[in-house]
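Trainee: So here's query_21.pdb, just PDB, C-alpha atoms:
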ATOM      1  CA  MET A  29       0.000   0.000   0.000
ATOM      2  CA  THR A  30       1.262   3.438  -0.848
ATOM      3  CA  VAL A  31       0.668   6.230   1.586
ATOM      4  CA  ALA A  32       1.001   9.738   0.280
ATOM      5  CA  VAL A  33       1.764  12.422   2.794
ATOM      6  CA  ILE A  34       0.626  15.802   1.586
ATOM      7  CA  PRO A  35       1.874  18.696   3.690
ATOM      8  CA  ARG A  36      -1.075  20.821   4.700
ATOM      9  CA  SER A  37       0.936  23.834   5.625
ATOM     10  CA  VAL A  38       3.993  25.625   4.336
ATOM     11  CA  ALA A  39       5.995  28.217   6.247
ATOM     12  CA  GLY A  40       3.633  30.835   7.590
ATOM     13  CA  GLU A  41       0.561  29.302   5.951
ATOM     14  CA  VAL A  42      -2.015  26.858   7.204
ATOM     15  CA  THR A  43      -4.867  25.422   5.154
ATOM     16  CA  LEU A  44      -8.024  24.387   6.995
ATOM     17  CA  TYR A  45     -10.457  21.707   5.899
ATOM     18  CA  ILE A  46     -13.860  20.894   7.360
ATOM     19  CA  GLY A  47     -13.535  20.244  11.069
ATOM     20  CA  ASP A  48     -10.156  21.934  11.439
ATOM     21  CA  VAL A  49      -9.294  24.624  13.958
ATOM     22  CA  HIS A  50      -6.052  26.595  14.035
ATOM     23  CA  ALA A  51      -4.835  29.437  16.228
ATOM     24  CA  GLY A  52      -1.537  31.261  16.019
ATOM     25  CA  VAL A  53       0.338  34.318  17.118
ATOM     26  CA  GLY A  54       2.371  36.512  14.785
ATOM     27  CA  PRO A  55       2.455  36.334  11.016
ATOM     28  CA  VAL A  56       0.471  33.271  10.022
ATOM     29  CA  VAL A  57      -1.936  33.149   7.091
ATOM     30  CA  ILE A  58      -4.827  30.736   7.600
ATOM     31  CA  LYS A  59      -6.698  29.756   4.445
ATOM     32  CA  THR A  60      -9.826  27.842   3.696
ATOM     33  CA  LEU A  61     -12.368  27.167   0.973
ATOM     34  CA  LEU A  62     -16.066  27.435   1.839
ATOM     35  CA  GLY A  63     -19.406  26.465   0.364
ATOM     36  CA  SER A  64     -22.332  26.135   2.764
ATOM     37  CA  CYS A  65     -19.851  25.789   5.654
ATOM     38  CA  ILE A  66     -18.874  28.649   7.927
ATOM     39  CA  ALA A  67     -15.410  29.867   8.880
ATOM     40  CA  VAL A  68     -15.043  32.137  11.869
ATOM     41  CA  CYS A  69     -11.905  34.202  12.381
ATOM     42  CA  LEU A  70     -11.351  35.369  15.953
ATOM     43  CA  TRP A  71      -8.673  37.894  16.832
ATOM     44  CA  ASP A  72      -7.372  39.503  19.993
ATOM     45  CA  PRO A  73      -5.890  42.866  18.902
ATOM     46  CA  ALA A  74      -3.903  43.316  22.127
ATOM     47  CA  THR A  75      -1.868  40.130  21.754
ATOM     48  CA  THR A  76      -2.335  39.564  17.985
ATOM     49  CA  VAL A  77      -3.386  36.016  18.781
ATOM     50  CA  GLY A  78      -5.896  34.864  16.213
ATOM     51  CA  GLY A  79      -7.385  31.785  14.710
ATOM     52  CA  MET A  80      -9.935  30.294  12.411
ATOM     53  CA  ASN A  81     -12.227  27.296  12.325
ATOM     54  CA  HIS A  82     -14.256  25.681   9.557
ATOM     55  CA  PHE A  83     -17.489  23.943  10.470
ATOM     56  CA  MET A  84     -20.353  22.556   8.445
ATOM     57  CA  LEU A  85     -23.334  22.228  10.813
ATOM     58  CA  PRO A  86     -24.439  24.136  13.914
ATOM     59  CA  ARG A  87     -24.590  21.157  16.261
ATOM     60  CA  GLY A  88     -25.306  17.446  16.459
ATOM     61  CA  ALA A  89     -28.530  15.550  16.953
ATOM     62  CA  GLY A  90     -30.859  16.556  19.746
ATOM     63  CA  HIS A  91     -29.540  20.116  19.933
ATOM     64  CA  ALA A  92     -27.778  19.219  23.146
ATOM     65  CA  GLY A  93     -24.296  19.026  21.744
ATOM     66  CA  PRO A  94     -22.465  17.566  18.803
ATOM     67  CA  ALA A  95     -22.921  14.034  20.012
ATOM     68  CA  ASP A  96     -23.052  12.306  16.670
ATOM     69  CA  SER A  97     -19.847  13.456  15.141
ATOM     70  CA  GLY A  98     -16.972  11.424  13.770
ATOM     71  CA  ASP A  99     -15.122  14.677  13.394
ATOM     72  CA  PRO A 100     -16.485  16.909  16.097
ATOM     73  CA  GLY A 101     -14.891  20.063  14.748
ATOM     74  CA  ARG A 102     -17.387  19.985  11.899
ATOM     75  CA  PHE A 103     -20.033  21.156  14.372
ATOM     76  CA  GLY A 104     -20.121  24.843  15.130
ATOM     77  CA  ILE A 105     -20.704  24.647  18.844
ATOM     78  CA  TYR A 106     -17.627  22.478  19.323
ATOM     79  CA  ALA A 107     -15.512  24.279  16.714
ATOM     80  CA  MET A 108     -16.132  27.593  18.489
ATOM     81  CA  ASP A 109     -15.268  26.135  21.883
ATOM     82  CA  CYS A 110     -12.030  24.703  20.454
ATOM     83  CA  LEU A 111     -11.064  27.938  18.744
ATOM     84  CA  ILE A 112     -11.681  30.109  21.798
ATOM     85  CA  GLY A 113      -9.791  27.601  23.970
ATOM     86  CA  ALA A 114      -6.834  27.526  21.560
ATOM     87  CA  ILE A 115      -6.650  31.322  21.520
ATOM     88  CA  GLN A 116      -6.789  31.482  25.319
ATOM     89  CA  LYS A 117      -3.949  28.982  25.561
ATOM     90  CA  LEU A 118      -1.801  31.270  23.403
ATOM     91  CA  GLY A 119      -2.496  34.236  25.655
ATOM     92  CA  GLY A 120      -5.514  35.738  23.930
ATOM     93  CA  GLU A 121      -8.385  36.980  26.069
ATOM     94  CA  ARG A 122     -11.978  36.106  25.410
ATOM     95  CA  ARG A 123     -13.297  39.557  26.390
ATOM     96  CA  ARG A 124     -11.124  41.244  23.719
ATOM     97  CA  LEU A 125     -12.008  38.947  20.832
ATOM     98  CA  VAL A 126     -13.533  40.260  17.631
ATOM     99  CA  ALA A 127     -14.986  38.024  14.953
ATOM    100  CA  LYS A 128     -15.171  37.877  11.188
ATOM    101  CA  VAL A 129     -17.610  35.414   9.676
ATOM    102  CA  PHE A 130     -17.683  33.897   6.203
ATOM    103  CA  GLY A 131     -19.562  31.258   4.238
ATOM    104  CA  GLY A 132     -23.075  29.887   4.378
ATOM    105  CA  ALA A 133     -23.489  29.994   0.605
ATOM    106  CA  HIS A 134     -26.265  28.232  -1.261
ATOM    107  CA  VAL A 135     -23.898  26.520  -3.658
ATOM    108  CA  LEU A 136     -25.269  24.547  -6.593
ATOM    109  CA  GLY A 137     -28.375  22.564  -5.697
ATOM    110  CA  ILE A 138     -28.852  23.828  -2.154
ATOM    111  CA  ARG A 139     -32.223  25.496  -2.008
ATOM    112  CA  GLU A 140     -32.528  28.807  -0.246
ATOM    113  CA  SER A 141     -34.784  28.449   2.772
ATOM    114  CA  ALA A 142     -34.865  29.279   6.437
ATOM    115  CA  ASP A 143     -34.391  25.631   7.411
ATOM    116  CA  GLY A 144     -31.632  24.913   4.885
ATOM    117  CA  VAL A 145     -28.093  24.174   6.094
ATOM    118  CA  PRO A 146     -26.517  27.466   4.930
ATOM    119  CA  GLN A 147     -29.127  29.633   6.670
ATOM    120  CA  LYS A 148     -29.045  27.482   9.812
ATOM    121  CA  ASN A 149     -25.277  27.910   9.926
ATOM    122  CA  ILE A 150     -25.592  31.664   9.566
ATOM    123  CA  ASP A 151     -28.317  31.866  12.225
ATOM    124  CA  PHE A 152     -26.303  29.693  14.587
ATOM    125  CA  ILE A 153     -23.105  31.708  14.403
ATOM    126  CA  ARG A 154     -24.892  35.036  14.740
ATOM    127  CA  ALA A 155     -26.732  33.800  17.828
ATOM    128  CA  PHE A 156     -23.596  32.244  19.286
ATOM    129  CA  LEU A 157     -21.501  35.393  18.911
ATOM    130  CA  ARG A 158     -24.319  37.543  20.285
ATOM    131  CA  ASP A 159     -24.830  35.269  23.313
ATOM    132  CA  GLU A 160     -21.107  35.102  23.994
ATOM    133  CA  GLY A 161     -20.677  38.868  23.676
ATOM    134  CA  ILE A 162     -18.165  38.660  20.826
ATOM    135  CA  PRO A 163     -18.568  41.578  18.395
ATOM    136  CA  VAL A 164     -18.658  40.919  14.652
ATOM    137  CA  ALA A 165     -16.137  43.178  12.916
ATOM    138  CA  GLY A 166     -16.883  41.892   9.437
ATOM    139  CA  GLN A 167     -18.848  39.287   7.573
ATOM    140  CA  ASP A 168     -19.573  37.962   4.122
ATOM    141  CA  VAL A 169     -22.247  35.275   4.363
ATOM    142  CA  GLY A 170     -25.008  33.795   2.241
ATOM    143  CA  GLY A 171     -25.262  34.255  -1.499
ATOM    144  CA  TYR A 172     -24.589  31.622  -4.115
ATOM    145  CA  HIS A 173     -20.809  31.493  -4.516
ATOM    146  CA  ALA A 174     -18.107  29.427  -2.880
ATOM    147  CA  ARG A 175     -15.461  31.514  -1.126
ATOM    148  CA  HIS A 176     -11.717  31.455  -0.594
ATOM    149  CA  VAL A 177     -10.829  33.074   2.736
ATOM    150  CA  HIS A 178      -7.370  34.193   3.894
ATOM    151  CA  PHE A 179      -6.924  35.359   7.464
ATOM    152  CA  HIS A 180      -3.749  37.116   8.649
ATOM    153  CA  THR A 181      -3.250  36.593  12.357
ATOM    154  CA  ALA A 182      -0.665  39.392  12.662
ATOM    155  CA  THR A 183      -3.118  42.071  11.567
ATOM    156  CA  GLY A 184      -6.526  40.468  12.013
ATOM    157  CA  ARG A 185      -7.316  41.239   8.369
ATOM    158  CA  ALA A 186      -9.263  38.784   6.275
ATOM    159  CA  PHE A 187      -9.524  38.611   2.513
ATOM    160  CA  VAL A 188     -12.353  36.913   0.647
ATOM    161  CA  LYS A 189     -12.543  35.861  -2.962
ATOM    162  CA  ARG A 190     -15.893  34.685  -4.309
ATOM    163  CA  LEU A 191     -15.520  31.839  -6.772
ATOM    164  CA  ALA A 192     -17.738  32.012  -9.796
ATOM    165  CA  GLY A 193     -18.510  28.949 -11.889
ATOM    166  CA  GLU A 194     -19.969  25.533 -11.275
ATOM    167  CA  ALA A 195     -16.652  23.681 -11.152
ATOM    168  CA  ALA A 196     -15.511  25.439  -7.999
ATOM    169  CA  ALA A 197     -18.917  25.130  -6.345
ATOM    170  CA  SER A 198     -19.135  21.476  -7.281
ATOM    171  CA  ARG A 199     -15.690  20.734  -5.801
ATOM    172  CA  VAL A 200     -16.612  22.417  -2.528
ATOM    173  CA  LEU A 201     -20.023  20.790  -2.309
ATOM    174  CA  ARG A 202     -18.580  17.314  -2.979
ATOM    175  CA  ARG A 203     -16.157  17.732  -0.102
ATOM    176  CA  GLU A 204     -18.913  18.921   2.217
ATOM    177  CA  VAL A 205     -21.177  15.987   1.356
ATOM    178  CA  GLN A 206     -18.363  13.482   1.917
ATOM    179  CA  THR A 207     -17.665  14.957   5.345
ATOM    180  CA  ALA A 208     -21.354  14.899   6.245
ATOM    181  CA  ARG A 209     -21.417  11.125   5.745
ATOM    182  CA  ARG A 210     -18.710  10.317   8.278
ATOM    183  CA  VAL A 211     -19.384   7.773  10.996
ATOM    184  CA  PRO A 212     -20.618   9.314  14.236
ATOM    185  CA  ALA A 213     -18.735   9.373  17.574
ATOM    186  CA  CYS A 214     -18.264  11.648  20.572
ATOM    187  CA  GLY A 215     -15.616  12.514  23.114
ATOM    188  CA  ASP A 216     -14.500   9.806  25.523
ATOM    189  CA  VAL A 217     -15.181   9.575  29.246
ATOM    190  CA  THR A 218     -12.501   8.622  31.778
ATOM    191  CA  LEU A 219     -13.237   8.061  35.439
ATOM    192  CA  PHE A 220     -10.256   8.154  37.774
ATOM    193  CA  GLU A 221     -10.419   5.597  40.556
TER     194      GLU A 221
ATOM    195  CA  MET B  14     -33.415  13.567  46.287
ATOM    196  CA  LEU B  15     -32.685  16.903  44.646
ATOM    197  CA  THR B  16     -29.035  17.267  43.804
ATOM    198  CA  THR B  17     -27.213  20.467  42.991
ATOM    199  CA  ILE B  18     -24.581  20.592  40.289
ATOM    200  CA  LEU B  19     -22.241  23.529  39.728
ATOM    201  CA  VAL B  20     -21.384  23.968  36.043
ATOM    202  CA  VAL B  21     -18.273  26.069  35.402
ATOM    203  CA  ASP B  22     -17.615  27.170  31.833
ATOM    204  CA  ASP B  23     -16.790  30.517  30.241
ATOM    205  CA  SER B  24     -19.144  29.789  27.356
ATOM    206  CA  ARG B  25     -22.722  30.707  28.062
ATOM    207  CA  THR B  26     -23.781  28.457  25.202
ATOM    208  CA  THR B  27     -22.004  25.423  26.656
ATOM    209  CA  ARG B  28     -23.411  26.106  30.112
ATOM    210  CA  ALA B  29     -26.898  26.153  28.605
ATOM    211  CA  LEU B  30     -26.290  22.848  26.795
ATOM    212  CA  VAL B  31     -25.033  21.170  29.963
ATOM    213  CA  ARG B  32     -27.932  22.616  31.961
ATOM    214  CA  ASN B  33     -30.437  21.289  29.420
ATOM    215  CA  ALA B  34     -28.923  17.810  29.652
ATOM    216  CA  LEU B  35     -28.834  17.734  33.478
ATOM    217  CA  GLU B  36     -32.296  19.167  34.039
ATOM    218  CA  VAL B  37     -33.766  16.135  32.290
ATOM    219  CA  ASP B  38     -32.857  14.243  35.490
ATOM    220  CA  HIS B  39     -34.203  17.077  37.657
ATOM    221  CA  HIS B  40     -30.834  18.190  38.962
ATOM    222  CA  GLU B  41     -30.632  21.751  40.164
ATOM    223  CA  VAL B  42     -27.955  23.525  38.119
ATOM    224  CA  VAL B  43     -25.920  26.474  39.365
ATOM    225  CA  GLU B  44     -23.582  28.235  36.938
ATOM    226  CA  ALA B  45     -20.210  29.964  37.165
ATOM    227  CA  CYS B  46     -18.233  31.539  34.311
ATOM    228  CA  ASP B  47     -14.707  30.714  35.506
ATOM    229  CA  GLY B  48     -12.725  29.317  38.431
ATOM    230  CA  THR B  49     -12.760  32.522  40.454
ATOM    231  CA  ASN B  50     -16.512  32.868  40.066
ATOM    232  CA  ALA B  51     -16.920  29.199  41.033
ATOM    233  CA  LEU B  52     -15.001  29.706  44.283
ATOM    234  CA  SER B  53     -17.254  32.594  45.253
ATOM    235  CA  VAL B  54     -20.352  30.514  44.499
ATOM    236  CA  LEU B  55     -18.926  27.723  46.660
ATOM    237  CA  GLU B  56     -18.506  30.074  49.609
ATOM    238  CA  ASP B  57     -22.281  30.174  49.962
ATOM    239  CA  ARG B  58     -23.094  26.614  49.164
ATOM    240  CA  VAL B  59     -21.346  23.309  48.437
ATOM    241  CA  PRO B  60     -23.025  21.421  45.581
ATOM    242  CA  ASP B  61     -23.194  17.639  45.169
ATOM    243  CA  LEU B  62     -21.025  17.727  42.069
ATOM    244  CA  VAL B  63     -18.915  20.170  40.058
ATOM    245  CA  ILE B  64     -18.494  20.016  36.281
ATOM    246  CA  THR B  65     -15.759  22.328  35.024
ATOM    247  CA  ASP B  66     -14.161  23.352  31.749
ATOM    248  CA  VAL B  67     -10.366  23.755  31.561
ATOM    249  CA  ASN B  68      -9.571  26.791  29.401
ATOM    250  CA  MET B  69     -11.186  29.763  31.107
ATOM    251  CA  PRO B  70     -10.181  33.345  31.937
ATOM    252  CA  GLU B  71      -9.297  34.362  35.529
ATOM    253  CA  MET B  72      -8.843  30.807  36.808
ATOM    254  CA  ASP B  73      -8.575  27.679  34.665
ATOM    255  CA  GLY B  74     -10.265  24.400  35.517
ATOM    256  CA  ILE B  75      -7.150  22.527  36.661
ATOM    257  CA  THR B  76      -6.299  25.300  39.134
ATOM    258  CA  LEU B  77      -9.906  25.273  40.335
ATOM    259  CA  VAL B  78      -9.772  21.521  41.018
ATOM    260  CA  ARG B  79      -6.504  21.944  42.886
ATOM    261  CA  ARG B  80      -7.929  24.798  44.965
ATOM    262  CA  LEU B  81     -11.086  22.866  45.811
ATOM    263  CA  ARG B  82      -9.093  19.898  47.077
ATOM    264  CA  THR B  83      -7.403  22.165  49.631
ATOM    265  CA  LEU B  84     -10.780  23.079  51.150
ATOM    266  CA  ASP B  85     -12.041  20.718  53.844
ATOM    267  CA  ARG B  86     -15.646  20.961  52.690
ATOM    268  CA  CYS B  87     -14.701  20.090  49.096
ATOM    269  CA  ARG B  88     -12.105  17.402  49.710
ATOM    270  CA  PHE B  89     -14.437  14.565  48.700
ATOM    271  CA  LEU B  90     -16.657  16.530  46.345
ATOM    272  CA  PRO B  91     -16.919  14.793  42.931
ATOM    273  CA  ILE B  92     -15.435  16.998  40.197
ATOM    274  CA  LEU B  93     -15.812  16.166  36.511
ATOM    275  CA  VAL B  94     -13.765  17.999  33.924
ATOM    276  CA  LEU B  95     -15.622  18.637  30.642
ATOM    277  CA  THR B  96     -13.232  19.999  28.044
ATOM    278  CA  THR B  97     -12.069  20.022  24.442
ATOM    279  CA  GLU B  98      -8.658  18.928  25.774
ATOM    280  CA  GLY B  99      -8.352  15.224  25.023
ATOM    281  CA  GLY B 100      -4.579  14.707  25.368
ATOM    282  CA  GLU B 101      -3.257  12.178  27.881
ATOM    283  CA  ASP B 102      -0.907  14.725  29.455
ATOM    284  CA  MET B 103      -3.806  17.047  30.220
ATOM    285  CA  LYS B 104      -5.861  14.172  31.628
ATOM    286  CA  GLN B 105      -2.918  13.268  33.834
ATOM    287  CA  ARG B 106      -2.744  16.853  35.083
ATOM    288  CA  GLY B 107      -6.430  16.674  35.903
ATOM    289  CA  ARG B 108      -6.004  13.417  37.731
ATOM    290  CA  GLU B 109      -3.072  14.729  39.748
ATOM    291  CA  ALA B 110      -5.044  17.862  40.630
ATOM    292  CA  GLY B 111      -7.766  15.644  42.092
ATOM    293  CA  ALA B 112     -10.456  15.438  39.399
ATOM    294  CA  THR B 113     -12.907  12.561  39.633
ATOM    295  CA  GLY B 114     -13.294  12.145  35.887
ATOM    296  CA  TRP B 115     -12.498  13.622  32.502
ATOM    297  CA  LEU B 116     -15.038  14.044  29.721
ATOM    298  CA  VAL B 117     -13.932  15.192  26.303
ATOM    299  CA  LYS B 118     -16.173  17.494  24.288
ATOM    300  CA  PRO B 119     -18.214  17.163  22.198
ATOM    301  CA  PHE B 120     -20.332  15.476  24.807
ATOM    302  CA  ASP B 121     -23.161  13.063  24.331
ATOM    303  CA  PRO B 122     -25.915  14.376  26.646
ATOM    304  CA  THR B 123     -27.054  10.856  27.540
ATOM    305  CA  ARG B 124     -23.499   9.797  28.340
ATOM    306  CA  LEU B 125     -23.020  12.913  30.458
ATOM    307  CA  ARG B 126     -26.180  12.130  32.417
ATOM    308  CA  GLN B 127     -25.087   8.506  32.907
ATOM    309  CA  THR B 128     -21.661   9.600  34.118
ATOM    310  CA  VAL B 129     -23.188  12.119  36.522
ATOM    311  CA  SER B 130     -25.577   9.469  37.899
ATOM    312  CA  HIS B 131     -22.731   7.000  38.317
ATOM    313  CA  VAL B 132     -20.513   9.482  40.139
ATOM    314  CA  LEU B 133     -23.339  10.626  42.418
ATOM    315  CA  ARG B 134     -24.256   6.998  43.232
ATOM    316  CA  ARG B 135     -20.647   6.190  43.996
ATOM    317  CA  ARG B 136     -20.452   9.206  46.284
ATOM    318  CA  GLY B 137     -23.520   8.016  48.157
ATOM    319  CA  GLN B 138     -22.021   4.586  48.906
TER     320      GLN B 138
END
Take the structure in the file and give it back as structure tokens.

Mentor:
Amino acid sequence: MTVAVIPRSVAGEVTLYIGDVHAGVGPVVIKTLLGSCIAVCLWDPATTVGGMNHFMLPRGAGHAGPADSGDPGRFGIYAMDCLIGAIQKLGGERRRLVAKVFGGAHVLGIRESADGVPQKNIDFIRAFLRDEGIPVAGQDVGGYHARHVHFHTATGRAFVKRLAGEAAASRVLRREVQTARRVPACGDVTLFE
Amino acid sequence: MLTTILVVDDSRTTRALVRNALEVDHHEVVEACDGTNALSVLEDRVPDLVITDVNMPEMDGITLVRRLRTLDRCRFLPILVLTTEGGEDMKQRGREAGATGWLVKPFDPTRLRQTVSHVLRRRGQ
């Protein structure tokens, strides 16, 4: 069997896929490609600690937590917890965080409706950030195009490129559907005797 | 018997999710937003169980566990850590600090309830 190892990051750059979370301090560029998924960039201007996540659904079954996930980061509630925790570990402070939100596009065959995945994702992240008291400094959500997002942790600036054409949308949607079919699981429990 | 559980997490959303899960079994849930806040809550009242996150401002969960174990009234209080931290080294730190158990997020609400019931039963024995 041949195993190919594809480096996911080069110097100063990190590429996120569905379920990934990355936080850094200093000059790091975090990139991702979005369809109906959401990426949230959080940044602490005082320490220049920042990070991004990439999730595809608000939460797991039962609305009580992402219990049915084989890749828990793909759920927003968990992805946000992980990102905030990672930033805190690097010295960032929750009370100083500002957010930039991207994604939630109705790519290809996804119908536009209030109970569709893209709109649910958008509603979730807006409610989450409001409840947690994290201000939104910028956003580009909804619409019909896939997006390339670059986030610079040194400056907190984010750059978005909307991708026109069916090929790009189809590539993004295929990846999202494959991730959605993963086998469920949840975090383990250890009791100390 | 009505039991009181103190849930310590800096995320209001997570606290609400944990509360929703625990109230199914009619536990009374008290909330704190970090370790320092938890200690002030505990001055007034000692719960039957504490569930704490790790990464929090002011005082993290590991420090909170360590502090609680120095208090006579909390020496045998069950403390579950509920965190995104799943590494063995962190679990070991929790164990050494005196935690009763370690639950990795994302949590299954049913599993959380089962673990809470188990720990409370064990405490009652």

Trainee: Check which residues of chain B sit at most 10 Å from chain A using all atoms listed in the file, and return one row each with the closest pair of atoms and their distance in Å to one decimal, ordered by chain and rising number, as a Markdown table.

Mentor:
| residue | atom | partner | partner_atom | distance |
| --- | --- | --- | --- | --- |
| B:Asp23 | CA | A:Arg122 | CA | 8.8 |
| B:Ser24 | CA | A:Glu160 | CA | 6.6 |
| B:Arg25 | CA | A:Glu160 | CA | 6.2 |
| B:Thr26 | CA | A:Phe156 | CA | 7.0 |
| B:Thr27 | CA | A:Ile105 | CA | 8.0 |
| B:Ala29 | CA | A:Ala92 | CA | 8.9 |
| B:Leu30 | CA | A:Ala92 | CA | 5.4 |
| B:Val31 | CA | A:Ala92 | CA | 7.6 |
| B:Arg32 | CA | A:Ala92 | CA | 9.4 |
| B:Asn33 | CA | A:Ala92 | CA | 7.1 |
| B:Ala34 | CA | A:Ala92 | CA | 6.8 |
| B:Asp66 | CA | A:Gly113 | CA | 9.9 |
| B:Val67 | CA | A:Gly113 | CA | 8.5 |
| B:Asn68 | CA | A:Gly113 | CA | 5.5 |
| B:Met69 | CA | A:Gln116 | CA | 7.5 |
| B:Pro70 | CA | A:Glu121 | CA | 7.1 |
| B:Glu71 | CA | A:Glu121 | CA | 9.9 |
| B:Leu93 | CA | A:Leu219 | CA | 8.6 |
| B:Val94 | CA | A:Thr218 | CA | 9.7 |
| B:Leu95 | CA | A:Val217 | CA | 9.2 |
| B:Thr96 | CA | A:Asp109 | CA | 8.9 |
| B:Thr97 | CA | A:Cys110 | CA | 6.1 |
| B:Glu98 | CA | A:Cys110 | CA | 8.5 |
| B:Gly99 | CA | A:Gly215 | CA | 8.0 |
| B:Lys104 | CA | A:Thr218 | CA | 8.7 |
| B:Gln105 | CA | A:Phe220 | CA | 9.8 |
| B:Gly107 | CA | A:Phe220 | CA | 9.5 |
| B:Arg108 | CA | A:Phe220 | CA | 6.8 |
| B:Glu109 | CA | A:Phe220 | CA | 9.9 |
| B:Gly111 | CA | A:Phe220 | CA | 9.0 |
| B:Ala112 | CA | A:Phe220 | CA | 7.5 |
| B:Thr113 | CA | A:Phe220 | CA | 5.5 |
| B:Gly114 | CA | A:Leu219 | CA | 4.1 |
| B:Trp115 | CA | A:Thr218 | CA | 5.1 |
| B:Leu116 | CA | A:Val217 | CA | 4.5 |
| B:Val117 | CA | A:Gly215 | CA | 4.5 |
| B:Lys118 | CA | A:Gly215 | CA | 5.1 |
| B:Pro119 | CA | A:Gly215 | CA | 5.4 |
| B:Phe120 | CA | A:Ala95 | CA | 5.6 |
| B:Asp121 | CA | A:Ala95 | CA | 4.4 |
| B:Pro122 | CA | A:Ala92 | CA | 6.3 |
| B:Thr123 | CA | A:Ala95 | CA | 9.2 |
| B:Arg124 | CA | A:Val217 | CA | 8.4 |
| B:Leu125 | CA | A:Val217 | CA | 8.6 |
| B:Thr128 | CA | A:Val217 | CA | 8.1 |
| B:His131 | CA | A:Leu219 | CA | 10.0 |
| B:Val132 | CA | A:Leu219 | CA | 8.8 |

Trainee: Using the chain letters and numbering of this document, enumerate as a PDB file with C-alpha atoms, in the frame of the given file the residues selected by the PyMOL selection byres ((chain B and resi 89) around 12).

Mentor:
ATOM      1  CA  VAL B  59     -21.346  23.309  48.437  1.00  0.00           C
ATOM      2  CA  PRO B  60     -23.025  21.421  45.581  1.00  0.00           C
ATOM      3  CA  ASP B  61     -23.194  17.639  45.169  1.00  0.00           C
ATOM      4  CA  LEU B  62     -21.025  17.727  42.069  1.00  0.00           C
ATOM      5  CA  VAL B  63     -18.915  20.170  40.058  1.00  0.00           C
ATOM      6  CA  VAL B  78      -9.772  21.521  41.018  1.00  0.00           C
ATOM      7  CA  LEU B  81     -11.086  22.866  45.811  1.00  0.00           C
ATOM      8  CA  ARG B  82      -9.093  19.898  47.077  1.00  0.00           C
ATOM      9  CA  THR B  83      -7.403  22.165  49.631  1.00  0.00           C
ATOM     10  CA  LEU B  84     -10.780  23.079  51.150  1.00  0.00           C
ATOM     11  CA  ASP B  85     -12.041  20.718  53.844  1.00  0.00           C
ATOM     12  CA  ARG B  86     -15.646  20.961  52.690  1.00  0.00           C
ATOM     13  CA  CYS B  87     -14.701  20.090  49.096  1.00  0.00           C
ATOM     14  CA  ARG B  88     -12.105  17.402  49.710  1.00  0.00           C
ATOM     15  CA  LEU B  90     -16.657  16.530  46.345  1.00  0.00           C
ATOM     16  CA  PRO B  91     -16.919  14.793  42.931  1.00  0.00           C
ATOM     17  CA  ILE B  92     -15.435  16.998  40.197  1.00  0.00           C
ATOM     18  CA  GLY B 111      -7.766  15.644  42.092  1.00  0.00           C
ATOM     19  CA  ALA B 112     -10.456  15.438  39.399  1.00  0.00           C
ATOM     20  CA  THR B 113     -12.907  12.561  39.633  1.00  0.00           C
ATOM     21  CA  VAL B 132     -20.513   9.482  40.139  1.00  0.00           C
ATOM     22  CA  LEU B 133     -23.339  10.626  42.418  1.00  0.00           C
ATOM     23  CA  ARG B 135     -20.647   6.190  43.996  1.00  0.00           C
ATOM     24  CA  ARG B 136     -20.452   9.206  46.284  1.00  0.00           C
ATOM     25  CA  GLY B 137     -23.520   8.016  48.157  1.00  0.00           C
TER      26      GLY B 137
END

Trainee: Excluding same-chain residues fewer than 6 positions from segment 173-186 of chain A, what lies within 10 Å of it counting all atoms listed in the file, as a short mmCIF file (atom, residue, chain, number, x, y, z; two decimals) with C-alpha atoms, keeping the file's coordinate frame?

Mentor:
data_model
loop_
_atom_site.label_atom_id
_atom_site.label_comp_id
_atom_site.auth_asym_id
_atom_site.auth_seq_id
_atom_site.Cartn_x
_atom_site.Cartn_y
_atom_site.Cartn_z
CA GLY A 40 3.63 30.84 7.59
CA GLU A 41 0.56 29.30 5.95
CA VAL A 42 -2.02 26.86 7.20
CA THR A 43 -4.87 25.42 5.15
CA ALA A 51 -4.84 29.44 16.23
CA GLY A 52 -1.54 31.26 16.02
CA VAL A 53 0.34 34.32 17.12
CA GLY A 54 2.37 36.51 14.78
CA PRO A 55 2.46 36.33 11.02
CA VAL A 56 0.47 33.27 10.02
CA VAL A 57 -1.94 33.15 7.09
CA ILE A 58 -4.83 30.74 7.60
CA LYS A 59 -6.70 29.76 4.44
CA THR A 60 -9.83 27.84 3.70
CA LEU A 61 -12.37 27.17 0.97
CA LEU A 62 -16.07 27.44 1.84
CA GLY A 63 -19.41 26.46 0.36
CA SER A 64 -22.33 26.14 2.76
CA CYS A 65 -19.85 25.79 5.65
CA ALA A 67 -15.41 29.87 8.88
CA VAL A 68 -15.04 32.14 11.87
CA CYS A 69 -11.90 34.20 12.38
CA LEU A 70 -11.35 35.37 15.95
CA TRP A 71 -8.67 37.89 16.83
CA ASP A 72 -7.37 39.50 19.99
CA PRO A 73 -5.89 42.87 18.90
CA THR A 75 -1.87 40.13 21.75
CA THR A 76 -2.34 39.56 17.98
CA VAL A 77 -3.39 36.02 18.78
CA GLY A 78 -5.90 34.86 16.21
CA GLY A 79 -7.38 31.78 14.71
CA MET A 80 -9.94 30.29 12.41
CA VAL A 126 -13.53 40.26 17.63
CA ALA A 127 -14.99 38.02 14.95
CA LYS A 128 -15.17 37.88 11.19
CA VAL A 129 -17.61 35.41 9.68
CA PHE A 130 -17.68 33.90 6.20
CA GLY A 131 -19.56 31.26 4.24
CA GLY A 132 -23.08 29.89 4.38
CA ALA A 133 -23.49 29.99 0.60
CA HIS A 134 -26.26 28.23 -1.26
CA VAL A 135 -23.90 26.52 -3.66
CA LEU A 136 -25.27 24.55 -6.59
CA GLY A 166 -16.88 41.89 9.44
CA GLN A 167 -18.85 39.29 7.57
CA ALA A 192 -17.74 32.01 -9.80
CA GLY A 193 -18.51 28.95 -11.89
CA GLU A 194 -19.97 25.53 -11.28
CA ALA A 196 -15.51 25.44 -8.00
CA ALA A 197 -18.92 25.13 -6.34
CA SER A 198 -19.14 21.48 -7.28
CA ARG A 199 -15.69 20.73 -5.80
CA VAL A 200 -16.61 22.42 -2.53
CA LEU A 201 -20.02 20.79 -2.31
#
